[in-house]
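*Asks:* My structure file structure-v7.cif, mmCIF, C-alpha atoms, pLDDT in the B column; chains and numbers go by the auth columns, is below:
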```cif
data_protein
#
loop_
_atom_site.group_PDB
_atom_site.id
_atom_site.type_symbol
_atom_site.label_atom_id
_atom_site.label_comp_id
_atom_site.label_asym_id
_atom_site.label_seq_id
_atom_site.Cartn_x
_atom_site.Cartn_y
_atom_site.Cartn_z
_atom_site.B_iso_or_equiv
_atom_site.auth_seq_id
_atom_site.auth_asym_id
ATOM 1 C CA MET A 1 7.585 8.648 -4.131 45.00 85 A
ATOM 2 C CA ALA A 2 10.592 6.400 -4.545 43.00 86 A
ATOM 3 C CA ARG A 3 10.003 3.318 -6.623 47.00 87 A
ATOM 4 C CA LEU A 4 11.798 0.283 -5.279 50.00 88 A
ATOM 5 C CA SER A 5 11.339 -3.231 -6.574 46.00 89 A
ATOM 6 C CA PRO A 6 12.411 -6.484 -4.967 47.00 90 A
ATOM 7 C CA ILE A 7 15.786 -7.710 -6.217 46.00 91 A
ATOM 8 C CA GLY A 8 15.265 -10.071 -9.128 48.00 92 A
ATOM 9 C CA SER A 9 11.740 -8.819 -9.734 75.00 93 A
ATOM 10 C CA PRO A 10 11.769 -5.628 -11.788 88.00 94 A
ATOM 11 C CA ILE A 11 8.619 -3.586 -12.205 90.00 95 A
ATOM 12 C CA THR A 12 7.027 -3.980 -15.630 90.00 96 A
ATOM 13 C CA ARG A 13 3.912 -1.790 -15.288 92.00 97 A
ATOM 14 C CA GLN A 14 2.971 1.021 -12.908 94.00 98 A
ATOM 15 C CA HIS A 15 -0.095 3.111 -12.147 94.00 99 A
ATOM 16 C CA PRO A 16 0.295 6.133 -9.813 93.00 100 A
ATOM 17 C CA VAL A 17 -2.735 7.126 -7.755 92.00 101 A
ATOM 18 C CA GLU A 18 -3.180 10.631 -6.293 89.00 102 A
ATOM 19 C CA LEU A 19 -5.678 10.805 -3.436 88.00 103 A
ATOM 20 C CA ALA A 20 -6.850 14.142 -2.052 83.00 104 A
ATOM 21 C CA THR A 21 -6.686 13.845 1.726 75.00 105 A
ATOM 22 C CA PRO A 22 -10.337 14.695 2.522 76.00 106 A
ATOM 23 C CA THR A 23 -11.660 12.007 0.138 83.00 107 A
ATOM 24 C CA ALA A 24 -8.714 9.577 0.123 88.00 108 A
ATOM 25 C CA ARG A 25 -10.554 6.755 1.847 82.00 109 A
ATOM 26 C CA GLN A 26 -13.491 6.873 -0.532 86.00 110 A
ATOM 27 C CA MET A 27 -11.470 7.321 -3.713 92.00 111 A
ATOM 28 C CA ALA A 28 -8.859 4.623 -2.979 93.00 112 A
ATOM 29 C CA ARG A 29 -11.222 1.831 -4.050 92.00 113 A
ATOM 30 C CA VAL A 30 -12.481 3.683 -7.143 94.00 114 A
ATOM 31 C CA LYS A 31 -9.062 4.735 -8.424 95.00 115 A
ATOM 32 C CA GLY A 32 -7.562 1.425 -7.311 95.00 116 A
ATOM 33 C CA ARG A 33 -10.067 -0.584 -9.367 95.00 117 A
ATOM 34 C CA VAL A 34 -9.272 1.543 -12.425 95.00 118 A
ATOM 35 C CA GLY A 35 -5.538 1.063 -11.848 96.00 119 A
ATOM 36 C CA LEU A 36 -5.794 -2.700 -11.380 96.00 120 A
ATOM 37 C CA THR A 37 -7.817 -2.954 -14.587 95.00 121 A
ATOM 38 C CA MET A 38 -5.290 -0.868 -16.511 95.00 122 A
ATOM 39 C CA LEU A 39 -2.431 -2.984 -15.141 96.00 123 A
ATOM 40 C CA ASN A 40 -4.278 -6.210 -16.014 94.00 124 A
ATOM 41 C CA TRP A 41 -3.793 -7.617 -12.491 93.00 125 A
ATOM 42 C CA HIS A 42 -4.550 -11.352 -12.539 91.00 126 A
ATOM 43 C CA GLY A 43 -4.939 -11.709 -8.788 93.00 127 A
ATOM 44 C CA SER A 44 -7.874 -11.016 -6.518 93.00 128 A
ATOM 45 C CA VAL A 45 -9.092 -7.487 -7.212 94.00 129 A
ATOM 46 C CA PRO A 46 -11.269 -7.371 -4.054 94.00 130 A
ATOM 47 C CA ALA A 47 -8.286 -8.417 -1.910 94.00 131 A
ATOM 48 C CA ALA A 48 -6.016 -5.844 -3.576 95.00 132 A
ATOM 49 C CA LEU A 49 -8.611 -3.096 -3.088 95.00 133 A
ATOM 50 C CA GLN A 50 -8.994 -4.035 0.563 95.00 134 A
ATOM 51 C CA VAL A 51 -5.220 -3.836 1.103 96.00 135 A
ATOM 52 C CA LEU A 52 -5.050 -0.472 -0.694 96.00 136 A
ATOM 53 C CA SER A 53 -7.971 0.855 1.353 94.00 137 A
ATOM 54 C CA VAL A 54 -6.434 -0.251 4.644 94.00 138 A
ATOM 55 C CA LEU A 55 -3.050 1.291 3.772 94.00 139 A
ATOM 56 C CA VAL A 56 -4.729 4.564 2.761 93.00 140 A
ATOM 57 C CA ASP A 57 -6.889 4.536 5.895 90.00 141 A
ATOM 58 C CA ASN A 58 -3.774 4.010 8.042 90.00 142 A
ATOM 59 C CA ALA A 59 -1.991 6.837 6.200 89.00 143 A
ATOM 60 C CA VAL A 60 -4.900 9.171 6.926 87.00 144 A
ATOM 61 C CA GLN A 61 -5.188 8.083 10.587 84.00 145 A
ATOM 62 C CA HIS A 62 -1.541 7.689 11.568 77.00 146 A
ATOM 63 C CA GLY A 63 0.467 9.515 8.904 74.00 147 A
ATOM 64 C CA HIS A 64 -0.394 13.070 9.962 64.00 148 A
ATOM 65 C CA ALA A 65 -2.667 13.547 6.953 54.00 149 A
ATOM 66 C CA ALA A 66 -5.003 15.760 8.971 51.00 150 A
ATOM 67 C CA ALA A 67 -2.191 18.285 9.350 55.00 151 A
ATOM 68 C CA ASN A 68 -1.598 18.238 5.589 57.00 152 A
ATOM 69 C CA MET A 69 -5.125 18.602 4.212 58.00 153 A
ATOM 70 C CA GLU A 70 -3.862 20.525 1.181 63.00 154 A
ATOM 71 C CA ALA A 71 -1.446 17.749 0.211 70.00 155 A
ATOM 72 C CA ALA A 72 -2.489 14.617 -1.623 77.00 156 A
ATOM 73 C CA LEU A 73 -1.627 11.146 -0.442 85.00 157 A
ATOM 74 C CA ARG A 74 0.292 9.291 -3.079 89.00 158 A
ATOM 75 C CA ALA A 75 -0.087 5.645 -3.881 94.00 159 A
ATOM 76 C CA CYS A 76 1.269 3.501 -6.657 95.00 160 A
ATOM 77 C CA LEU A 77 0.195 0.129 -7.986 97.00 161 A
ATOM 78 C CA SER A 78 2.953 -1.814 -9.745 95.00 162 A
ATOM 79 C CA ILE A 79 3.228 -5.224 -11.384 95.00 163 A
ATOM 80 C CA THR A 80 6.548 -7.054 -11.322 92.00 164 A
ATOM 81 C CA VAL A 81 8.016 -9.511 -13.814 90.00 165 A
ATOM 82 C CA GLU A 82 6.960 -12.273 -11.400 89.00 166 A
ATOM 83 C CA GLN A 83 3.364 -10.946 -11.524 90.00 167 A
ATOM 84 C CA GLN A 84 3.424 -9.643 -7.963 93.00 168 A
ATOM 85 C CA LEU A 85 1.346 -6.580 -7.176 95.00 169 A
ATOM 86 C CA LEU A 86 3.170 -3.897 -5.202 96.00 170 A
ATOM 87 C CA ILE A 87 0.909 -1.448 -3.397 96.00 171 A
ATOM 88 C CA ASP A 88 2.863 1.579 -2.178 96.00 172 A
ATOM 89 C CA VAL A 89 1.215 4.268 -0.058 94.00 173 A
ATOM 90 C CA GLU A 90 3.150 7.340 1.045 92.00 174 A
ATOM 91 C CA ASP A 91 2.156 9.358 4.107 88.00 175 A
ATOM 92 C CA PHE A 92 3.522 12.373 5.959 86.00 176 A
ATOM 93 C CA SER A 93 5.228 10.636 8.877 86.00 177 A
ATOM 94 C CA PRO A 94 8.746 9.189 8.634 87.00 178 A
ATOM 95 C CA ALA A 95 8.114 6.605 11.392 88.00 179 A
ATOM 96 C CA PHE A 96 6.250 3.307 11.693 90.00 180 A
ATOM 97 C CA ALA A 97 6.328 2.755 15.454 84.00 181 A
ATOM 98 C CA ASN A 98 4.922 -0.772 15.748 89.00 182 A
ATOM 99 C CA PHE A 99 6.053 -2.229 12.428 92.00 183 A
ATOM 100 C CA ARG A 100 7.497 -5.441 13.915 92.00 184 A
ATOM 101 C CA GLU A 101 4.209 -6.265 15.606 91.00 185 A
ATOM 102 C CA VAL A 102 2.182 -5.459 12.483 91.00 186 A
ATOM 103 C CA ARG A 103 4.436 -7.542 10.243 91.00 187 A
ATOM 104 C CA SER A 104 4.231 -10.415 12.721 90.00 188 A
ATOM 105 C CA GLY A 105 0.441 -10.188 12.913 88.00 189 A
ATOM 106 C CA ILE A 106 0.492 -9.331 16.610 90.00 190 A
ATOM 107 C CA GLY A 107 -2.202 -7.049 17.999 87.00 191 A
ATOM 108 C CA ASP A 108 -5.379 -5.562 16.621 88.00 192 A
ATOM 109 C CA GLY A 109 -6.167 -3.595 13.497 89.00 193 A
ATOM 110 C CA SER A 110 -7.159 -4.020 9.880 92.00 194 A
ATOM 111 C CA LEU A 111 -3.607 -4.198 8.541 92.00 195 A
ATOM 112 C CA ILE A 112 -2.619 -6.761 11.176 92.00 196 A
ATOM 113 C CA GLU A 113 -5.648 -8.863 10.225 92.00 197 A
ATOM 114 C CA LEU A 114 -4.604 -8.808 6.543 91.00 198 A
ATOM 115 C CA VAL A 115 -1.103 -9.941 7.553 91.00 199 A
ATOM 116 C CA ARG A 116 -2.563 -12.726 9.726 91.00 200 A
ATOM 117 C CA ARG A 117 -4.787 -13.945 6.878 90.00 201 A
ATOM 118 C CA ARG A 118 -1.767 -13.865 4.535 89.00 202 A
ATOM 119 C CA ALA A 119 -3.595 -11.551 2.141 90.00 203 A
ATOM 120 C CA ILE A 120 -0.256 -9.726 2.053 93.00 204 A
ATOM 121 C CA ALA A 121 2.741 -11.783 0.936 92.00 205 A
ATOM 122 C CA ASP A 122 5.221 -9.216 2.302 93.00 206 A
ATOM 123 C CA LEU A 123 5.030 -5.883 4.099 94.00 207 A
ATOM 124 C CA THR A 124 7.857 -3.352 4.202 94.00 208 A
ATOM 125 C CA TRP A 125 8.333 0.365 4.686 94.00 209 A
ATOM 126 C CA PHE A 126 10.986 2.969 4.078 91.00 210 A
ATOM 127 C CA ALA A 127 11.405 6.635 4.995 89.00 211 A
ATOM 128 C CA ASP A 128 12.266 9.231 2.390 85.00 212 A
ATOM 129 C CA PRO A 129 15.865 10.534 2.552 86.00 213 A
ATOM 130 C CA LYS A 130 14.756 13.853 4.099 83.00 214 A
ATOM 131 C CA MET A 131 12.792 12.013 6.838 82.00 215 A
ATOM 132 C CA GLN A 132 9.582 13.899 6.000 83.00 216 A
ATOM 133 C CA SER A 133 7.484 10.948 4.866 86.00 217 A
ATOM 134 C CA LYS A 134 7.428 7.187 4.532 91.00 218 A
ATOM 135 C CA THR A 135 6.147 4.651 2.052 93.00 219 A
ATOM 136 C CA VAL A 136 4.464 1.460 3.205 95.00 220 A
ATOM 137 C CA ARG A 137 4.588 -1.360 0.659 95.00 221 A
ATOM 138 C CA ALA A 138 2.377 -4.424 0.560 95.00 222 A
ATOM 139 C CA VAL A 139 3.250 -7.208 -1.862 95.00 223 A
ATOM 140 C CA LEU A 140 0.447 -9.425 -3.133 95.00 224 A
ATOM 141 C CA THR A 141 0.734 -12.545 -5.247 92.00 225 A
ATOM 142 C CA ALA A 142 -1.774 -13.579 -7.897 85.00 226 A
ATOM 143 C CA GLY A 143 -2.775 -16.695 -5.938 70.00 227 A
ATOM 144 C CA VAL A 144 -6.282 -17.170 -4.601 50.00 228 A
ATOM 145 C CA VAL A 145 -6.957 -15.031 -1.517 48.00 229 A
ATOM 146 C CA ASP A 146 -10.213 -14.542 0.357 48.00 230 A
ATOM 147 C CA PRO A 147 -11.121 -10.826 0.213 46.00 231 A
#
```
Would you put the structure from the file into structure tokens?

*Replies:*
Amino acid sequence: MARLSPIGSPITRQHPVELATPTARQMARVKGRVGLTMLNWHGSVPAALQVLSVLVDNAVQHGHAAANMEAALRACLSITVEQQLLIDVEDFSPAFANFREVRSGIGDGSLIELVRRRAIADLTWFADPKMQSKTVRAVLTAGVVDP
């Protein structure tokens, strides 16, 4: 998975998370909590775990994970110099069809609700150079957020 950081905000600490497709949804919260503890995340752990879980759930549902049961979903938790938490989740589809609507908080769905509530400070995505997968990135700040 490519590691990109916002300009002016280099990554200081990182924790990769491998999630076997059949148990990805269940293990995201467990492995995410361990990762956030290891990274010493000062923000809302419940909010971060909810964002990670929703991104993993979307990757399983919409990222063709069912067709790739032998492959693991990859996620990465990163802390920037500015103490932002980057949650990257890679799936097996190079497209994000309704990204503009999701980022604008238009429509229904768990990710859209997190955007509406401003639990996510920024949401981006990028396809890998071979167009075989994509990474969805949620940026969280350490401010107070309702989980």

*Asks:* Would you pick out the contacts of stretch 92-104 of chain A at 12 Å or less, using all atoms listed in the file, so that residues sharing its chain but fewer than 3 positions from it are not included, and give the list as a ChimeraX atom specification?

*Replies:* /A:85-89,107-125,136-137,140-141,143-144,149-150,152-175,223

*Asks:* Could you tell me how far atom CA of A:Ser128 sits from atom CA of A:Phe176, in Å to one decimal place?

*Replies:* 28.9 Å

*Asks:* Can you tell me, as a list of chain:residue names, which residues sit within 7 Å of (1.8, -11.7, 0.7) in the file's frame, using all atoms listed in the file?

*Replies:*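 Using all atoms listed in the file, the matching residues come out as A:Arg202, A:Ala203, A:Ile204, A:Ala205, A:Asp206, A:Val223, A:Leu224, A:Thr225.
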
*Asks:* First collect every listed atom of stretch 193-196 of chain A; then fit an axis-aligned box around them, widen it by 5 Å on each side, and give centre and edge lengths in Å to one decimal, as JSON.

*Replies:*
```
{"center_x": -4.9, "center_y": -5.2, "center_z": 11.0, "size_x": 14.5, "size_y": 13.2, "size_z": 15.0}
```

*Asks:* In Å, how far is it from atom CA of A:Pro213 to atom CA of A:Leu198?

*Replies:*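 Computed distance, atom CA of A:Pro213 to atom CA of A:Leu198, equals 28.4 Å.
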
*Asks:* What does the PyMOL selection byres ((chain A and resi 182) around 12) select in this file, as a list in words?

*Replies:*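 The output of the PyMOL selection byres ((chain A and resi 182) around 12) on this file is His146, Ala179, Phe180, Ala181, Phe183, Arg184, Glu185, Val186, Arg187, Ser188, Gly189, Ile190, Gly191, Asp192, Gly193, Leu195, Ile196 and Trp209 of chain A.
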
*Asks:* Take atom CA of A:Asp212 and atom CA of A:Val138 and report the distance between them in Å, one decimal.

*Replies:*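 Computing the Euclidean distance for atom CA of A:Asp212 and atom CA of A:Val138 yields 21.1 Å.
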